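What follows is one structure encoded as structure tokens, with my remarks underneath.
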Amino acid sequence: MLDSGVLEKIELFKSHLFEYNESTNIYSKKSYDFLDNHIQDSLNLGELVNGSTIHVDLGSGSGLPGVIMAIAGTSEIICIESKQKKRLFLNYVKEALDLTNLTIFDGDVQLFTKAYSGPKITSFSAKAFAKPPKLLMYLSMFRKHQFLKSASCWVPISLNQEKILRHFDEIVSMRTSSGHEFLYFKIQMARFQAYKADLKNQYNL
């Protein structure tokens, strides 16, 4: 159960998102009905990386999951977003919600991997960022000294994706109290290079 402070900030995030989206398109209005589902997805990712100290979110978009993870957890969250208009919103909401554990990187993944020299990254996430074969290409840009050997990248996936991806790495299922199931592909940073080529050949979604 989330505490009242977290719930309040999530509601404030939603209000800021709706207001900001009226003048700058950063989130599809057609997806408004699914926003709570995306927030729950983000909270699930926060649970999966519980205990992580430095978490990097690839393709943070309008803050799902990065901002929600920062609201709900104590990890240092680094959001990487290539589009400036979305980074402006991320910085705006960081200040509005006083998220001191949130950092917005000014650039894309390639630039981040060249520039990052901070503490070792302990976990990653990539929600609606890139299809798994392309995502592995982006993860390959990270140098081994930049992340812990035990680090994993968590990716929300569909049932159709699960049928293919379960042959390559771990799949984790999480259910809400209402019975809704969320699936996550756990890419272990220490081993994905071993199946990277096979996944690219077999993935056809």
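Identifiers in this document derive from the order of the structure tokens: chains are assigned A, B, ..., residues are numbered from 1 separately in each chain, and ligands are numbered from 1 in order of occurrence.
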Quick one: residues within 6 Å of stretch 51-61 of chain A, only C-alpha atoms, excluding same-chain residues fewer than 4 positions away - as number ranges by chain? A: 66, 75-81, 86, 121-126, 129
Please, which residues in stretch 78-149 of chain A fall within 10 Å of stretch 11-17 of chain A when counting only C-alpha atoms, and what is the closest atom pair and distance in Å to one decimal for each, ordered by chain then residue number, as CSV?
```
residue,atom,partner,partner_atom,distance
A:Phe89,CA,A:Leu17,CA,8.2
A:Leu90,CA,A:Leu17,CA,9.8
A:Tyr92,CA,A:His16,CA,9.0
A:Val93,CA,A:Phe13,CA,7.0
A:Lys94,CA,A:Phe13,CA,9.5
A:Ala96,CA,A:His16,CA,8.6
A:Leu97,CA,A:Phe13,CA,7.6
```
Would you list, as a count of residues only, the residues of stretch 31-169 of chain A that end up in helix (DSSP H, G or I) under DSSP run on this structure's backbone? 63
Straight-line distance linking atom CA of A:Ile157 with atom CA of A:Leu183, stated in Å to one decimal: 5.6 Å
Using only C-alpha atoms, the residue out of A:Ala115, A:Met137, A:Ile71, A:Ile104 with shortest distance to A:Gln193 is A:Met137
Nearest residue to A:Asn101 out of A:Ala70, A:Ser158, A:Ser173, A:Arg87, using only C-alpha atoms? A:Ala70
Identify, on the basis of only C-alpha atoms, every residue whose closest approach to A:Cys153 does not exceed 12 Å; exclude the query and any residue fewer than 3 positions from it along the same chain; express the result as a PyMOL selection string. chain A and resi 45+48-49+52+55-58+121-127+132+135-136+138-140+142+147-150+156+169-171+184-192
